[in-house]
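Structure first, commentary second.
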Protein chains: 2
Amino acid sequence: MPEETLVAPRGLTLVFTGDGKGKTTAALGMALRAWGQGMKVLILQFIKGGWTCGELIAAEKLGPNFIMRQMGEGFIRGSSDKDLDVHRAAAQNALEEAKKAVREGAVDMVVLDEINCAVHYGLVDVEDVLDIIRSKPPGLHLVITGRNVANEVMGLADLVTEMREVKHPFAAGMPAQKGIEF
Amino acid sequence: MPEETLVAPRGLTLVFTGDGKGKTTAALGMALRAWGQGMKVLILQFIKGGWTCGELIAAEKLGPNFIMRQMGEGFIRGSSDKDLDVHRAAAQNALEEAKKAVREGAVDMVVLDEINCAVHYGLVDVEDVLDIIRSKPPGLHLVITGRNVANEVMGLADLVTEMREVKHPFAAGMPAQKGIEF
C-alpha cells in the first residue's frame, strides 16, 4: 500500500506566498478546479477593492457556487494613518465574513486572498488567522495568499508554496494589462 | 509619466516552474482571468491524459472560449523505452496542436501545460519551444508550465516565477484529493 493512502483525505490549509506573480492566480486555479468538482467556493479579497478585474467577471459568469468578493480598499503602501484606518476597517469586515463562512461551513473552499498582506500591515491580527485555521470544519479547504506570510500561519498550514520572482515584465517597463494582471 | 506606461502592452510569455505546487493551478487562474476579460484561451496538457480532473469538467462548463485538451499519456518517471515512445508521440502531437494554434492566432492565450517536463524528458525538443515563443503573434499570451524549465526558454520569457516547495501534504502522508490535486 503506497504511503499516500495511509491518511484519510481532509480539508487542507494551503498557503501561496512569496514576491513572485502567481499567488492569487494559483488560488483562482484552485477555486476553478474545486468548482469543476462540484464544490462551492468563496473568495474573499482582503486588499483588492472596486476593481473590475477578469476574475470578478468570470466569477459572476460561474454562478452561485463560485462567489468572489472584493472587500479591500486597494493598495496600501504609502497610505497615511487615516487611510490605514479605512484599510483596517475594510480588512476587519472581510475577516468577519471569513469567520462567518468558516463557522457556517456552507462552502467547501474558502480563499483568503492577500490576508497575509493584511496581517503584515497590521490590518488583521495574526491570531485571528490562526483561529480560523484551527476552528475550520474538518472537510473545509482553506487557501491563504499574500507575500510575507507569518511563521505561525506556515506552522499550521499543510502546504506552503513560495512564489519566487525570477523575472518580471514590470522590471522591463511593461504595463499591467487586461487578462494578465487583472 | 510612470515608467510602466512607456512600453505598449503586448502578448507576454509567462513561465511557471519549480518543484512546488501551483504551476498548473496558476496557469488555470491566468486562463480564468483572461476568459473573464472576454479572451479565448486554449490549454494543451503535455503530460496529463485520460484523467477526469476538476479543471477539465470546469472547462466544459465554461464553453467554447475556454478549451482544455489533455494530450499526454500520464506520469513518465519509471517508464520503459517503449513507454517513452508512446509518451513522445503524444507530446509531439500536442506540440503540433500548439504550433497550429500559435500560427493561426485564433486564440488570445495558449497554455502549454507541463511542456517543460516534456522537454526535460526528451519528448519535445527545446528548439521547438523557442520557435513557438519567437513566432507567436504579438498579441498572443503564452503560458508555459512545468518544473525544470530550460535556460533558453527562461531567456526568452517576459515573466518567470519559480514555485518553491516549502511544505507539502504528500510529505506528511496525505493522499491526493479531489478538488485540490485534480
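Just remember, in the C-alpha cells the first chain shown is A, the second B, etc., residues are 1-based per chain, and ligands are 1-based in the order shown.
Every residue of range 36-67 of chain B found in strand (DSSP E) when DSSP is run on the backbone appears here: Val41, Leu42, Ile43, Leu44, Gln45, Phe66 and Ile67 of chain B.
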Output N, CA and C atoms for every residue in that selection, as a compact mmCIF listing (two decimals), in the first residue's frame.
# COMPACT_ATOMS: atom_id res chain seq x y z
N VAL B 41 -9.17 31.21 -24.67
CA VAL B 41 -7.98 30.53 -24.19
C VAL B 41 -7.96 29.05 -24.61
N LEU B 42 -6.76 28.57 -24.84
CA LEU B 42 -6.55 27.16 -25.19
C LEU B 42 -5.49 26.60 -24.25
N ILE B 43 -5.84 25.54 -23.55
CA ILE B 43 -4.88 24.89 -22.64
C ILE B 43 -4.56 23.51 -23.21
N LEU B 44 -3.28 23.30 -23.50
CA LEU B 44 -2.84 21.99 -24.00
C LEU B 44 -1.99 21.34 -22.92
N GLN B 45 -2.39 20.17 -22.48
CA GLN B 45 -1.62 19.49 -21.44
C GLN B 45 -0.73 18.44 -22.07
N PHE B 66 -13.04 28.58 -23.65
CA PHE B 66 -12.10 28.03 -22.67
C PHE B 66 -11.92 26.55 -23.02
N ILE B 67 -10.93 26.30 -23.86
CA ILE B 67 -10.73 24.95 -24.37
C ILE B 67 -9.54 24.31 -23.66
Q: Using only C-alpha atoms, find which residues of chain A lie within 7 Å of chain B and jot them down as an MDAnalysis selection string.
A: chainID A and resid 3:7 9 20:22 25:26 28:30 32:37 54:55 57:58 158:170 173:175 177 179:180 182
(Q) Residues of range 73-159 of chain B classed as alpha helix (DSSP H) by DSSP on the backbone are to be reported as a ChimeraX atom specification. (A) /B:81-104,115-120,126-135,151-156
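Each of A:Val111, A:Leu140, A:Val86, A:Ile47 was checked against Gln70 in chain A using only C-alpha atoms; the smallest atom-to-atom distance is that of A:Ile47.
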Q: Quick one: everything within 9 Å of Ala89 in chain A, counting only C-alpha atoms, minus sequence neighbours fewer than 5 positions away in the same chain. Send it as a ChimeraX atom specification.
A: /A:84,94,123
Those residues you just picked out, can you put them in a file as a compact mmCIF listing (two decimals), in the first residue's frame with C-alpha atoms?
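The resulting again_2.txt:
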# COMPACT_ATOMS: atom_id res chain seq x y z
CA LEU A 84 -4.77 52.95 7.17
CA ALA A 94 -13.52 40.84 5.42
CA LEU A 123 -4.84 45.42 9.48
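With only C-alpha atoms as the atoms that count, the residue of A:Gly139, A:Gly72, A:Gly50, A:Pro64 with the shortest distance to Asn93 in chain A is A:Gly72.
The smallest atom-to-atom distance between Asp85 in chain B and any of B:Leu130, B:Val153, B:Leu142, B:Val124, using only C-alpha atoms, is found for B:Val124.
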(Q) Which residues are close to Ala101 in chain B, i.e. within 10 Å by only C-alpha atoms, leaving aside same-chain residues fewer than 4 positions away? Reply as a ChimeraX atom specification. (A) /B:42,95-97,105-110,132,136
